[in-house]
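A.B. asks: work.txt is the file, holding compact mmCIF, C-alpha atoms:
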# COMPACT_ATOMS: atom_id res chain seq x y z
CA MET A 15 0.00 0.00 0.00
CA LYS A 16 2.84 2.36 0.89
CA TYR A 17 4.47 1.55 -2.47
CA ILE A 18 1.24 2.39 -4.38
CA TYR A 19 0.86 5.65 -2.40
CA SER A 20 4.43 6.64 -3.30
CA LEU A 21 3.78 5.88 -6.95
CA VAL A 22 0.61 8.01 -7.01
CA LEU A 23 2.39 10.85 -5.22
CA ALA A 24 5.28 10.72 -7.68
CA PHE A 25 2.83 10.76 -10.58
CA CYS A 26 1.00 13.79 -9.17
CA ILE A 27 4.26 15.68 -8.60
CA THR A 28 5.41 14.86 -12.14
CA SER A 29 2.06 15.95 -13.59
CA LEU A 30 2.11 19.17 -11.58
CA SER A 31 5.67 19.88 -12.70
CA ALA A 32 4.68 19.33 -16.32
CA GLN A 33 1.77 21.74 -15.92
CA THR A 34 3.88 24.44 -14.31
CA ASN A 35 6.37 24.14 -17.17
CA VAL A 36 3.71 25.22 -19.67
CA PRO A 37 4.25 28.98 -20.23
CA SER A 38 1.36 31.21 -19.25
CA GLU A 39 -0.61 32.65 -22.15
CA THR A 40 -1.25 35.87 -20.21
CA ASP A 41 1.40 38.49 -19.54
CA LEU A 42 0.14 41.12 -17.10
CA ARG A 43 2.67 43.62 -18.47
CA ILE A 44 0.55 43.83 -21.63
CA TYR A 45 -2.35 45.33 -19.65
CA GLY A 46 0.07 47.88 -18.20
CA ILE A 47 1.09 48.86 -21.74
CA ILE A 48 -2.54 49.34 -22.77
CA ASP A 49 -3.25 51.51 -19.74
CA ALA A 50 -0.14 53.64 -20.30
CA VAL A 51 -1.13 54.86 -23.78
CA SER A 52 -2.28 58.47 -23.46
CA ALA A 53 -4.91 60.08 -25.68
CA THR A 54 -3.76 63.43 -24.28
CA ASN A 55 -0.21 62.92 -25.53
CA ILE A 56 -1.52 61.84 -28.93
CA GLU A 57 -3.76 64.88 -29.21
CA LYS A 58 -0.84 67.18 -28.40
CA ASP A 59 1.26 65.68 -31.17
CA VAL A 60 -1.54 65.63 -33.76
CA ARG A 61 -2.26 69.30 -33.11
CA ALA A 62 1.43 70.19 -33.29
CA LEU A 63 1.92 68.38 -36.59
CA ALA A 64 -1.24 69.86 -38.10
CA ASP A 65 -0.11 73.35 -37.03
CA PHE A 66 2.88 73.17 -39.37
CA GLY A 67 0.42 74.14 -42.13
CA THR A 68 1.56 71.69 -44.76
CA ARG A 69 3.89 68.73 -44.48
CA ASN A 70 4.07 68.09 -48.20
CA THR A 71 7.33 66.30 -48.98
CA PHE A 72 8.44 69.28 -51.10
CA SER A 73 7.36 72.00 -48.68
CA ASP A 74 9.62 74.32 -46.66
CA THR A 75 12.52 72.58 -44.91
CA VAL A 76 14.09 75.67 -43.28
CA SER A 77 11.25 77.31 -41.34
CA GLU A 78 10.80 76.37 -37.69
CA THR A 79 7.02 76.84 -37.89
CA ARG A 80 5.92 75.61 -41.31
CA GLY A 81 6.63 72.71 -43.64
CA ILE A 82 7.98 69.21 -43.51
CA GLY A 83 11.39 70.29 -42.21
CA ALA A 84 9.87 71.70 -39.04
CA ALA A 85 7.69 68.58 -38.69
CA ARG A 86 10.54 66.09 -38.92
CA ARG A 87 12.64 68.11 -36.47
CA TYR A 88 9.69 68.07 -34.06
CA ILE A 89 9.47 64.28 -34.36
CA LYS A 90 13.22 63.78 -34.00
CA ASN A 91 13.31 66.01 -30.93
CA ASP A 92 10.47 64.03 -29.39
CA PHE A 93 12.23 60.70 -30.01
CA GLU A 94 15.39 62.17 -28.47
CA LYS A 95 13.43 63.34 -25.42
CA THR A 96 11.99 59.84 -25.03
CA SER A 97 15.48 58.41 -25.33
CA LYS A 98 16.81 60.79 -22.68
CA ASN A 99 14.05 59.67 -20.31
CA CYS A 100 15.02 56.01 -20.73
CA GLY A 101 18.76 56.43 -20.35
CA SER A 102 19.56 56.80 -24.06
CA CYS A 103 17.72 53.59 -24.95
CA LEU A 104 16.89 54.85 -28.46
CA GLU A 105 19.24 55.43 -31.36
CA VAL A 106 17.67 58.35 -33.23
CA PHE A 107 18.74 59.40 -36.72
CA TYR A 108 17.62 60.60 -40.14
CA GLN A 109 17.61 58.16 -43.04
CA LYS A 110 17.27 59.89 -46.41
CA ASP A 111 17.29 59.33 -50.16
CA LEU A 112 17.29 61.79 -53.06
CA VAL A 113 14.29 61.78 -55.42
CA THR A 114 14.19 63.52 -58.79
CA PRO A 115 11.38 64.35 -61.25
CA ASP A 116 12.37 61.49 -63.55
CA MET A 117 11.49 59.02 -60.76
CA GLY A 118 7.74 59.66 -60.88
CA SER A 119 4.93 61.92 -62.04
CA ARG A 120 4.30 63.19 -58.50
CA ILE A 121 7.79 64.65 -58.00
CA PRO A 122 7.79 68.36 -58.91
CA LYS A 123 11.44 68.99 -58.04
CA GLU A 124 14.57 67.36 -56.71
CA ALA A 125 14.49 66.82 -52.95
CA TYR A 126 15.55 64.50 -50.18
CA VAL A 127 12.91 62.18 -48.75
CA VAL A 128 13.87 62.12 -45.07
CA ASN A 129 12.69 59.49 -42.58
CA VAL A 130 13.02 59.87 -38.81
CA VAL A 131 14.15 56.60 -37.23
CA ALA A 132 14.35 55.57 -33.56
CA ILE A 133 15.73 52.11 -32.73
CA GLN A 134 15.26 50.44 -29.35
CA SER A 135 17.93 47.75 -29.48
CA GLY A 136 17.10 44.23 -28.33
CA THR A 137 19.05 42.64 -25.51
CA LYS A 138 19.41 39.21 -27.15
CA TYR A 139 18.60 39.60 -30.83
CA PRO A 140 19.63 43.16 -31.73
CA ASN A 141 19.55 42.39 -35.45
CA ARG A 142 15.91 41.24 -35.40
CA PHE A 143 13.51 44.17 -35.90
CA ILE A 144 9.78 44.71 -35.50
CA ILE A 145 8.81 48.08 -36.98
CA MET A 146 5.97 50.54 -36.33
CA SER A 147 5.57 53.33 -38.85
CA GLY A 148 3.54 56.47 -39.37
CA ASP A 149 3.76 58.94 -42.24
CA ILE A 150 5.15 62.44 -41.77
CA ASP A 151 3.93 63.99 -45.03
CA SER A 152 0.52 65.38 -45.95
CA ARG A 153 -1.06 66.64 -49.16
CA ALA A 154 -3.68 69.02 -50.54
CA SER A 155 -6.12 68.12 -53.34
CA ASP A 156 -3.26 68.45 -55.81
CA THR A 157 -0.37 66.35 -54.57
CA MET A 158 2.04 68.58 -56.56
CA ASP A 159 0.89 71.62 -54.58
CA PHE A 160 3.39 72.09 -51.76
CA GLU A 161 2.24 75.60 -50.76
CA THR A 162 -1.46 75.21 -49.86
CA ASP A 163 -2.36 74.34 -46.28
CA ALA A 164 -2.68 70.58 -45.80
CA PRO A 165 -2.89 69.90 -42.05
CA GLY A 166 -3.20 66.12 -42.54
CA ALA A 167 -4.55 65.63 -39.03
CA ASN A 168 -5.82 62.11 -39.64
CA ASP A 169 -3.78 61.36 -42.78
CA ASN A 170 -1.39 60.88 -41.23
CA ALA A 171 -0.58 62.88 -38.11
CA SER A 172 -2.68 60.29 -36.27
CA GLY A 173 -0.38 57.40 -37.26
CA MET A 174 2.72 59.47 -36.61
CA ALA A 175 1.49 60.57 -33.17
CA GLY A 176 0.63 56.96 -32.36
CA THR A 177 4.15 55.87 -33.27
CA MET A 178 5.66 58.56 -31.05
CA GLU A 179 3.41 57.53 -28.15
CA ALA A 180 4.26 53.84 -28.60
CA ALA A 181 7.93 54.78 -28.29
CA ARG A 182 7.26 56.65 -25.03
CA VAL A 183 5.37 53.72 -23.54
CA LEU A 184 7.58 50.83 -24.69
CA SER A 185 10.86 52.60 -23.95
CA LYS A 186 10.17 51.82 -20.30
CA TYR A 187 10.66 48.09 -20.98
CA LYS A 188 13.50 45.84 -22.11
CA PHE A 189 13.00 43.50 -25.07
CA GLU A 190 15.00 40.65 -26.54
CA ASN A 191 14.32 41.82 -30.11
CA SER A 192 14.76 45.35 -31.44
CA ILE A 193 11.87 47.74 -32.06
CA VAL A 194 11.97 50.46 -34.70
CA TYR A 195 9.71 53.50 -34.45
CA VAL A 196 9.78 55.50 -37.67
CA GLY A 197 8.22 58.49 -39.37
CA LEU A 198 8.26 57.89 -43.13
CA SER A 199 8.15 60.65 -45.74
CA GLY A 200 7.22 60.72 -49.42
CA GLU A 201 4.18 58.45 -49.03
CA GLU A 202 1.90 60.66 -51.10
CA GLN A 203 4.46 60.91 -53.90
CA GLY A 204 4.87 57.16 -54.38
CA LEU A 205 5.87 55.40 -51.13
CA PHE A 206 9.45 56.66 -51.39
CA GLY A 207 10.12 56.78 -47.65
CA GLY A 208 9.07 53.17 -47.16
CA LYS A 209 11.18 52.09 -50.11
CA GLY A 210 14.17 53.96 -48.70
CA LEU A 211 13.90 52.30 -45.29
CA ALA A 212 13.18 48.85 -46.76
CA ASP A 213 16.28 49.13 -48.95
CA TYR A 214 18.26 50.37 -45.94
CA ALA A 215 17.09 47.34 -43.93
CA LYS A 216 18.11 44.93 -46.68
CA LYS A 217 21.46 46.63 -47.26
CA ASN A 218 22.28 46.47 -43.54
CA GLY A 219 21.21 42.86 -43.16
CA TRP A 220 18.26 43.48 -40.86
CA GLU A 221 16.18 40.44 -40.01
CA VAL A 222 12.77 42.09 -40.24
CA ILE A 223 10.08 40.35 -38.19
CA GLY A 224 7.54 42.65 -39.80
CA ILE A 225 6.28 46.20 -40.15
CA LEU A 226 3.03 47.55 -38.71
CA ASN A 227 2.19 50.46 -40.99
CA ASN A 228 -0.26 52.90 -39.40
CA ASP A 229 -1.97 55.14 -41.91
CA MET A 230 -5.12 56.93 -40.69
CA ILE A 231 -6.01 55.65 -37.23
CA GLY A 232 -8.14 58.56 -36.01
CA ASN A 233 -11.52 58.67 -37.75
CA ILE A 234 -14.63 56.91 -36.42
CA GLU A 235 -17.36 58.50 -38.60
CA GLY A 236 -17.44 56.90 -42.04
CA VAL A 237 -18.72 58.37 -45.28
CA ASP A 238 -21.05 55.35 -45.27
CA GLY A 239 -22.81 56.69 -42.16
CA VAL A 240 -21.33 54.12 -39.80
CA ILE A 241 -19.88 55.42 -36.52
CA SER A 242 -17.67 53.01 -34.58
CA ASN A 243 -14.81 53.46 -32.15
CA ARG A 244 -14.13 49.71 -31.97
CA ASP A 245 -13.71 48.52 -35.55
CA PHE A 246 -10.38 48.63 -37.34
CA ARG A 247 -8.89 46.95 -40.37
CA ILE A 248 -5.77 44.84 -40.83
CA PHE A 249 -4.71 44.70 -44.48
CA SER A 250 -2.34 41.94 -45.57
CA GLU A 251 -1.31 40.37 -48.84
CA PRO A 252 -1.72 36.58 -49.19
CA VAL A 253 1.79 35.48 -50.26
CA PRO A 254 5.16 37.24 -50.65
CA ALA A 255 5.45 39.35 -53.79
CA ASN A 256 8.91 37.93 -54.47
CA GLU A 257 8.05 34.24 -54.14
CA THR A 258 9.79 31.90 -56.54
CA GLU A 259 8.17 29.94 -59.35
CA LYS A 260 8.96 26.77 -57.42
CA GLN A 261 7.08 28.09 -54.38
CA ARG A 262 4.13 29.15 -56.53
CA ASN A 263 3.90 25.73 -58.15
CA ALA A 264 4.09 23.97 -54.76
CA ARG A 265 1.05 25.91 -53.54
CA ARG A 266 -1.10 24.27 -56.22
CA PHE A 267 -0.60 20.91 -54.54
CA TYR A 268 0.02 21.69 -50.88
CA GLY A 269 -1.96 24.88 -50.24
CA GLY A 270 -0.83 28.13 -48.71
CA GLU A 271 -2.62 30.59 -51.00
CA VAL A 272 -3.46 32.75 -47.97
CA ASP A 273 -0.58 31.82 -45.69
CA GLY A 274 2.34 34.09 -46.53
CA ASN A 275 4.38 35.84 -43.85
CA SER A 276 2.31 39.04 -44.03
CA ARG A 277 -0.92 37.11 -43.55
CA GLN A 278 0.60 35.34 -40.52
CA LEU A 279 1.57 38.73 -39.08
CA ALA A 280 -2.03 39.90 -39.55
CA ARG A 281 -3.33 36.80 -37.78
CA TYR A 282 -0.85 37.42 -34.96
CA VAL A 283 -2.24 40.93 -34.44
CA HIS A 284 -5.81 39.61 -34.58
CA LYS A 285 -5.04 36.98 -31.94
CA THR A 286 -3.20 39.37 -29.59
CA VAL A 287 -6.00 41.94 -29.75
CA SER A 288 -8.68 39.28 -29.24
CA ASN A 289 -6.85 38.05 -26.13
CA TYR A 290 -5.97 41.37 -24.51
CA MET A 291 -8.38 43.94 -25.98
CA PRO A 292 -11.64 42.02 -26.56
CA GLU A 293 -13.59 45.28 -26.75
CA MET A 294 -11.95 45.95 -30.12
CA ASN A 295 -13.06 44.41 -33.40
CA PRO A 296 -10.09 43.65 -35.67
CA MET A 297 -11.24 43.08 -39.25
CA MET A 298 -8.96 40.90 -41.36
CA ILE A 299 -8.98 42.33 -44.89
CA TYR A 300 -7.59 39.96 -47.48
CA ARG A 301 -5.92 42.64 -49.60
CA LEU A 302 -2.53 44.30 -49.74
CA ASP A 303 -4.32 47.61 -49.18
CA ARG A 304 -7.55 49.36 -50.07
CA PHE A 305 -8.91 48.76 -53.56
CA GLY A 306 -6.34 50.02 -56.06
CA ARG A 307 -4.49 52.04 -53.42
CA GLY A 308 -1.25 51.64 -51.49
CA GLY A 309 0.59 52.22 -48.24
CA HIS A 310 4.09 52.29 -46.82
CA HIS A 311 4.16 48.59 -45.93
CA ARG A 312 4.17 47.70 -49.63
CA PRO A 313 7.88 48.44 -50.29
CA PHE A 314 8.71 46.01 -47.48
CA ASN A 315 6.39 43.42 -49.00
CA ASP A 316 8.11 43.92 -52.35
CA LEU A 317 11.37 42.71 -50.77
CA GLY A 318 9.69 39.73 -49.12
CA PHE A 319 9.42 41.22 -45.62
CA ALA A 320 6.20 40.72 -43.65
CA GLY A 321 4.15 43.90 -43.55
CA ILE A 322 0.58 44.92 -42.78
CA ARG A 323 -1.49 48.09 -42.67
CA ILE A 324 -3.48 48.94 -39.55
CA MET A 325 -6.12 51.63 -39.99
CA GLU A 326 -9.62 52.82 -39.17
CA ALA A 327 -12.51 50.77 -40.53
CA HIS A 328 -14.78 53.60 -41.65
CA GLU A 329 -13.12 56.25 -43.80
CA ASN A 330 -14.48 59.67 -44.71
CA TYR A 331 -13.23 60.69 -48.14
CA THR A 332 -14.27 64.34 -47.70
CA GLN A 333 -11.44 64.56 -45.18
CA GLN A 334 -8.70 62.93 -47.27
CA HIS A 335 -6.52 64.63 -49.89
CA GLN A 336 -8.78 67.69 -49.90
CA ASP A 337 -8.18 71.44 -49.84
CA ILE A 338 -9.88 73.02 -46.83
CA ARG A 339 -13.17 74.47 -48.09
CA VAL A 340 -16.96 74.34 -47.89
CA GLU A 341 -18.70 73.17 -51.04
CA ASN A 342 -22.42 72.48 -51.40
CA GLY A 343 -22.72 72.61 -47.62
CA ILE A 344 -20.01 69.96 -47.15
CA GLU A 345 -16.89 70.78 -45.14
CA TYR A 346 -13.80 69.38 -46.82
CA GLY A 347 -10.35 69.04 -45.31
CA ASP A 348 -8.29 66.85 -43.01
CA THR A 349 -8.51 68.98 -39.88
CA VAL A 350 -8.03 68.22 -36.19
CA GLU A 351 -11.71 68.29 -35.20
CA HIS A 352 -12.28 65.11 -37.22
CA VAL A 353 -9.76 63.07 -35.18
CA ASN A 354 -11.13 60.99 -32.32
CA PHE A 355 -8.20 60.87 -29.91
CA PRO A 356 -9.46 58.08 -27.60
CA TYR A 357 -9.88 55.89 -30.69
CA THR A 358 -6.38 56.78 -31.90
CA ALA A 359 -5.11 55.79 -28.45
CA LYS A 360 -6.84 52.42 -28.75
CA LEU A 361 -5.20 51.68 -32.09
CA THR A 362 -1.88 52.87 -30.70
CA ALA A 363 -2.33 50.34 -27.90
CA VAL A 364 -3.12 47.68 -30.53
CA ASN A 365 0.27 48.39 -32.06
CA ALA A 366 2.13 48.65 -28.77
CA ILE A 367 0.99 45.29 -27.39
CA ASN A 368 1.89 43.55 -30.64
CA LEU A 369 5.28 45.23 -30.80
CA ALA A 370 5.90 44.10 -27.22
CA SER A 371 4.65 40.55 -27.79
CA LEU A 372 6.82 40.08 -30.86
CA ALA A 373 9.82 41.78 -29.26
CA TRP A 374 9.53 39.48 -26.23
CA ALA A 375 9.06 36.34 -28.36
CA PRO A 376 11.71 33.92 -29.62
CA PRO A 377 12.42 33.68 -33.36
CA ALA A 378 10.11 31.57 -35.49
CA PRO A 379 11.23 28.12 -36.72
CA GLN A 380 13.13 28.43 -40.00
CA THR A 381 11.82 25.18 -41.46
CA VAL A 382 8.53 23.39 -40.81
CA GLU A 383 7.99 20.01 -42.49
CA ILE A 384 4.60 18.34 -42.82
CA GLY A 385 3.61 14.78 -43.66
CA GLY A 386 0.65 12.46 -43.44
CA ILE A 387 -0.49 11.90 -47.01
CA VAL A 388 -3.10 9.07 -47.18
CA GLU A 389 -2.91 8.64 -43.41
CA ALA A 390 -5.23 9.34 -40.50
CA ASN A 391 -2.60 11.43 -38.72
CA VAL A 392 -0.69 14.63 -39.41
CA LYS A 393 3.06 14.70 -38.77
CA LEU A 394 5.01 17.91 -38.21
CA LYS A 395 8.72 18.47 -37.78
CA TRP A 396 10.57 21.76 -37.33
CA THR A 397 13.97 23.28 -36.67
CA LYS A 398 14.84 24.01 -33.04
CA VAL A 399 14.76 27.68 -32.03
CA ASP A 400 17.23 29.32 -29.68
CA GLY A 401 15.33 30.79 -26.74
CA ALA A 402 12.19 28.70 -27.19
CA VAL A 403 11.05 26.57 -24.25
CA GLY A 404 8.42 24.84 -26.35
CA TYR A 405 6.31 24.95 -29.47
CA LYS A 406 2.65 25.29 -30.29
CA ILE A 407 0.91 23.57 -33.17
CA TYR A 408 -1.89 25.53 -34.83
CA TRP A 409 -4.51 24.31 -37.26
CA ARG A 410 -7.73 25.57 -38.81
CA ASP A 411 -10.35 24.71 -41.39
CA THR A 412 -9.13 25.58 -44.89
CA THR A 413 -11.83 28.28 -45.15
CA SER A 414 -11.15 29.90 -41.78
CA PRO A 415 -9.35 33.28 -41.69
CA THR A 416 -7.76 32.66 -38.29
CA TRP A 417 -5.94 29.86 -36.45
CA ASP A 418 -8.79 28.31 -34.45
CA HIS A 419 -7.16 25.28 -32.77
CA ASN A 420 -3.83 24.82 -31.07
CA ARG A 421 -1.85 22.38 -28.95
CA TYR A 422 1.25 23.08 -26.88
CA VAL A 423 3.68 20.18 -27.38
CA GLY A 424 6.61 21.20 -25.20
CA ASP A 425 10.30 21.28 -26.01
CA VAL A 426 10.33 18.84 -28.91
CA THR A 427 11.00 19.25 -32.63
CA GLN A 428 8.35 16.93 -34.02
CA THR A 429 4.88 15.69 -33.19
CA THR A 430 1.93 13.74 -34.56
CA LEU A 431 -1.68 14.88 -34.40
CA ASP A 432 -3.55 11.60 -34.16
CA GLY A 433 -6.90 11.33 -35.90
CA ILE A 434 -6.58 14.61 -37.82
CA VAL A 435 -6.58 14.23 -41.59
CA ILE A 436 -4.08 16.39 -43.45
CA ASP A 437 -6.49 17.05 -46.33
CA ASN A 438 -9.10 18.88 -44.27
CA SER A 439 -7.11 21.53 -42.41
CA PHE A 440 -4.14 23.87 -42.65
CA PHE A 441 -1.34 23.67 -40.09
CA GLY A 442 1.49 25.75 -38.68
CA VAL A 443 4.05 25.93 -35.86
CA ALA A 444 5.01 28.78 -33.50
CA ALA A 445 7.91 28.95 -31.06
CA VAL A 446 7.02 29.79 -27.44
CA GLY A 447 9.23 31.64 -24.98
CA ALA A 448 9.43 31.15 -21.21
CA ASN A 449 7.31 34.29 -20.78
CA GLY A 450 4.54 32.77 -22.93
CA HIS A 451 5.04 35.07 -25.92
CA GLU A 452 5.01 33.36 -29.30
CA SER A 453 6.60 33.88 -32.65
CA PRO A 454 4.35 34.27 -35.67
CA VAL A 455 3.03 30.96 -36.97
CA VAL A 456 5.11 29.38 -39.71
CA PHE A 457 3.17 27.60 -42.44
CA PRO A 458 4.88 24.36 -43.58
CA ASN A 459 7.61 25.06 -46.12
CA ALA A 460 8.86 21.51 -46.67
CA ILE A 461 7.28 18.09 -47.18
CA MET A 462 8.10 15.09 -44.98
CA ARG A 463 8.24 11.94 -47.10
Translate this structure into structure tokens?

C.D. replies:
Amino acid sequence: MKYIYSLVLAFCITSLSAQTNVPSETDLRIYGIIDAVSATNIEKDVRALADFGTRNTFSDTVSETRGIGAARRYIKNDFEKTSKNCGSCLEVFYQKDLVTPDMGSRIPKEAYVVNVVAIQSGTKYPNRFIIMSGDIDSRASDTMDFETDAPGANDNASGMAGTMEAARVLSKYKFENSIVYVGLSGEEQGLFGGKGLADYAKKNGWEVIGILNNDMIGNIEGVDGVISNRDFRIFSEPVPANETEKQRNARRFYGGEVDGNSRQLARYVHKTVSNYMPEMNPMMIYRLDRFGRGGHHRPFNDLGFAGIRIMEAHENYTQQHQDIRVENGIEYGDTVEHVNFPYTAKLTAVNAINLASLAWAPPAPQTVEIGGIVEANVKLKWTKVDGAVGYKIYWRDTTSPTWDHNRYVGDVTQTTLDGIVIDNSFFGVAAVGANGHESPVVFPNAIMR
């Protein structure tokens, strides 16, 4: 009897130990990040940026009170102030590229497109970067007009102010991966700022986890009559723009038409928001961007980097790309009174908690193999990840937009899902850190024979 009791006790202790070794899926620090985001700070920055009159890429660069030069100095000074408050934790600098009229129909004269970059270096993986961007520049009805007032309060002082506030909040924490906060210029002239930074990242060998591009995160009253301070959209392209012909052909037989790295980043944001901010309604939009339009994540996508656009769900076109005027009783213009600052703060928090989760997470597995053809079980095998204490298997119906099922399998590099047929679901693997934060899910990129 004593022997049986000892056996039961040992089993219970072993079971309890196994349970305690499963990382928690809740990190209380995330709630602290949400609470720290200030609508007051965001309002101050939106008003300041709008007060520069116009921030057209080709506007005044010398004045201290008007034009894009004054705006980018304001942003750089703010990043430097944040850095000073965190013991010089940010590396702040300008990154610039020359553009000339022969480079596009929206370039009236030669000028430098200047981005303002602030890097919070990671403690363990300093060369792995998760990026949050806003746009510095604004435009009037005529994008070539760099003299007319174009306050650009929502498009895109809101995204820029959100990026500055995220830097203030997250600079109080340490992360294993690096975070980049950036104001991009030249968006209205052809996404030149994003292209410049994407090329800079590639040239310098950055391992880009992804970019969260914030373009218009302040309007809650849509031209369609809908008013909502909870809905927002996540735009993502289905597969990398630079995929190879071999990869494209493989998708015909193995699937993955909606499982590129940008789509996995979008699902990651959806999951994090659903877990920590259930009052918000993230809408997964299966497009690179709005119909026929573009944003600053696209140049990153063009190079194969993961990138998504986060923005309001209900746009008002009378307040975008419009000279300030009243016409037929309609007030046109992108002015401050149309920005809902509590809503902008919510979407800033959406960004901040995802930046933190990804910056605290281990790298994703490089290779994920899948097998189980004409079997009743699915087999998965993956490369071991430095810093991961375990791995989580995800699967979903082939028609589902999100990963709906998961199983934590511990510190192993292969597993079998018994009784699950490979034909009826899609699968993926994420690495899990000791703090419970996960890498983005990796869709299988090799076949196990």

A.B. asks: I'd like the neighbourhood of region 43-51 of chain A as a PyMOL selection string, where a residue qualifies if any of its atoms comes within 12 Å (using only C-alpha atoms), though same-chain residues fewer than 3 positions away should be ignored.

C.D. replies: chain A and resi 39-40+54-57+175-188+286-287+289-291+355-372+374+449-451

A.B. asks: Store the residues picked out above in a file with C-alpha atoms, as a compact mmCIF listing (two decimals), in the coordinates of the input.

C.D. replies:
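See part36.txt below for the written result:
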# COMPACT_ATOMS: atom_id res chain seq x y z
CA GLU A 39 -0.61 32.65 -22.15
CA THR A 40 -1.25 35.87 -20.21
CA THR A 54 -3.76 63.43 -24.28
CA ASN A 55 -0.21 62.92 -25.53
CA ILE A 56 -1.52 61.84 -28.93
CA GLU A 57 -3.76 64.88 -29.21
CA ALA A 175 1.49 60.57 -33.17
CA GLY A 176 0.63 56.96 -32.36
CA THR A 177 4.15 55.87 -33.27
CA MET A 178 5.66 58.56 -31.05
CA GLU A 179 3.41 57.53 -28.15
CA ALA A 180 4.26 53.84 -28.60
CA ALA A 181 7.93 54.78 -28.29
CA ARG A 182 7.26 56.65 -25.03
CA VAL A 183 5.37 53.72 -23.54
CA LEU A 184 7.58 50.83 -24.69
CA SER A 185 10.86 52.60 -23.95
CA LYS A 186 10.17 51.82 -20.30
CA TYR A 187 10.66 48.09 -20.98
CA LYS A 188 13.50 45.84 -22.11
CA THR A 286 -3.20 39.37 -29.59
CA VAL A 287 -6.00 41.94 -29.75
CA ASN A 289 -6.85 38.05 -26.13
CA TYR A 290 -5.97 41.37 -24.51
CA MET A 291 -8.38 43.94 -25.98
CA PHE A 355 -8.20 60.87 -29.91
CA PRO A 356 -9.46 58.08 -27.60
CA TYR A 357 -9.88 55.89 -30.69
CA THR A 358 -6.38 56.78 -31.90
CA ALA A 359 -5.11 55.79 -28.45
CA LYS A 360 -6.84 52.42 -28.75
CA LEU A 361 -5.20 51.68 -32.09
CA THR A 362 -1.88 52.87 -30.70
CA ALA A 363 -2.33 50.34 -27.90
CA VAL A 364 -3.12 47.68 -30.53
CA ASN A 365 0.27 48.39 -32.06
CA ALA A 366 2.13 48.65 -28.77
CA ILE A 367 0.99 45.29 -27.39
CA ASN A 368 1.89 43.55 -30.64
CA LEU A 369 5.28 45.23 -30.80
CA ALA A 370 5.90 44.10 -27.22
CA SER A 371 4.65 40.55 -27.79
CA LEU A 372 6.82 40.08 -30.86
CA TRP A 374 9.53 39.48 -26.23
CA ASN A 449 7.31 34.29 -20.78
CA GLY A 450 4.54 32.77 -22.93
CA HIS A 451 5.04 35.07 -25.92

A.B. asks: So the first atom is CA of Val455 (chain A) and the second is CA of His284 (chain A); what is the distance between them in Å, to one decimal place?

C.D. replies: 12.6 Å

A.B. asks: Could you put an axis-aligned box around every listed atom of region 48-59 of chain A, padded by 8 Å on each side, and send me its centre and edge lengths in Å to one decimal, as lines of an AutoDock Vina configuration file?

C.D. replies:
center_x = -1.8
center_y = 58.3
center_z = -25.5
size_x = 22.2
size_y = 33.8
size_z = 27.4

A.B. asks: Could you please determine the separation between CA of Thr349 (chain A) and CA of Ser77 (chain A) in Å, to one decimal place?

C.D. replies: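 Rounded to one decimal, the two atoms are 21.5 Å apart.
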
A.B. asks: Leaving out region 236-248 of chain A and any residue of its chain fewer than 2 positions from it, which residues lie within 7 Å of it when counting only C-alpha atoms, given as a list in words?

C.D. replies: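 Everything that qualifies: Ile234, Ser250, Ala280, Glu293, Met294, Asn295, Pro296, Met297, Met298, Ile299, Ile322, Arg323, Ile324, Met325, Glu326, Ala327, His328, Glu329, Asn330, Tyr331 and Tyr357 of chain A.
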
A.B. asks: Limited to C-alpha atoms, could you put the picked residues into a file as a compact mmCIF listing (two decimals), in the coordinates of the input?

C.D. replies:
# COMPACT_ATOMS: atom_id res chain seq x y z
CA ILE A 234 -14.63 56.91 -36.42
CA SER A 250 -2.34 41.94 -45.57
CA ALA A 280 -2.03 39.90 -39.55
CA GLU A 293 -13.59 45.28 -26.75
CA MET A 294 -11.95 45.95 -30.12
CA ASN A 295 -13.06 44.41 -33.40
CA PRO A 296 -10.09 43.65 -35.67
CA MET A 297 -11.24 43.08 -39.25
CA MET A 298 -8.96 40.90 -41.36
CA ILE A 299 -8.98 42.33 -44.89
CA ILE A 322 0.58 44.92 -42.78
CA ARG A 323 -1.49 48.09 -42.67
CA ILE A 324 -3.48 48.94 -39.55
CA MET A 325 -6.12 51.63 -39.99
CA GLU A 326 -9.62 52.82 -39.17
CA ALA A 327 -12.51 50.77 -40.53
CA HIS A 328 -14.78 53.60 -41.65
CA GLU A 329 -13.12 56.25 -43.80
CA ASN A 330 -14.48 59.67 -44.71
CA TYR A 331 -13.23 60.69 -48.14
CA TYR A 357 -9.88 55.89 -30.69

A.B. asks: Between A:Glu202, A:Asp425, A:Glu221, A:Glu259, which is the closest to Ser119 (chain A) once you count only C-alpha atoms?

C.D. replies: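 Smallest separation from Ser119 (chain A) among the options: A:Glu202.
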
A.B. asks: Quick one: of A:Ile133, A:Leu302, A:Thr416, A:Glu161, who's nearest to Ser288 (chain A), counting all atoms listed in the file?

C.D. replies: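 Of all the options, A:Thr416 lies closest to Ser288 (chain A).
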
A.B. asks: Taking into account all atoms listed in the file, which residue in the set A:Gly83, A:Gly404, A:Pro140, A:Gly207 is nearest to Phe189 (chain A)?

C.D. replies: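 The shortest atom-to-atom distance to Phe189 (chain A) comes from A:Pro140.
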
A.B. asks: Find the distance between CA of Glu251 (chain A) and CA of Asn228 (chain A) and write it in Å to one decimal.

C.D. replies: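 Interatomic distance here is 15.7 Å.
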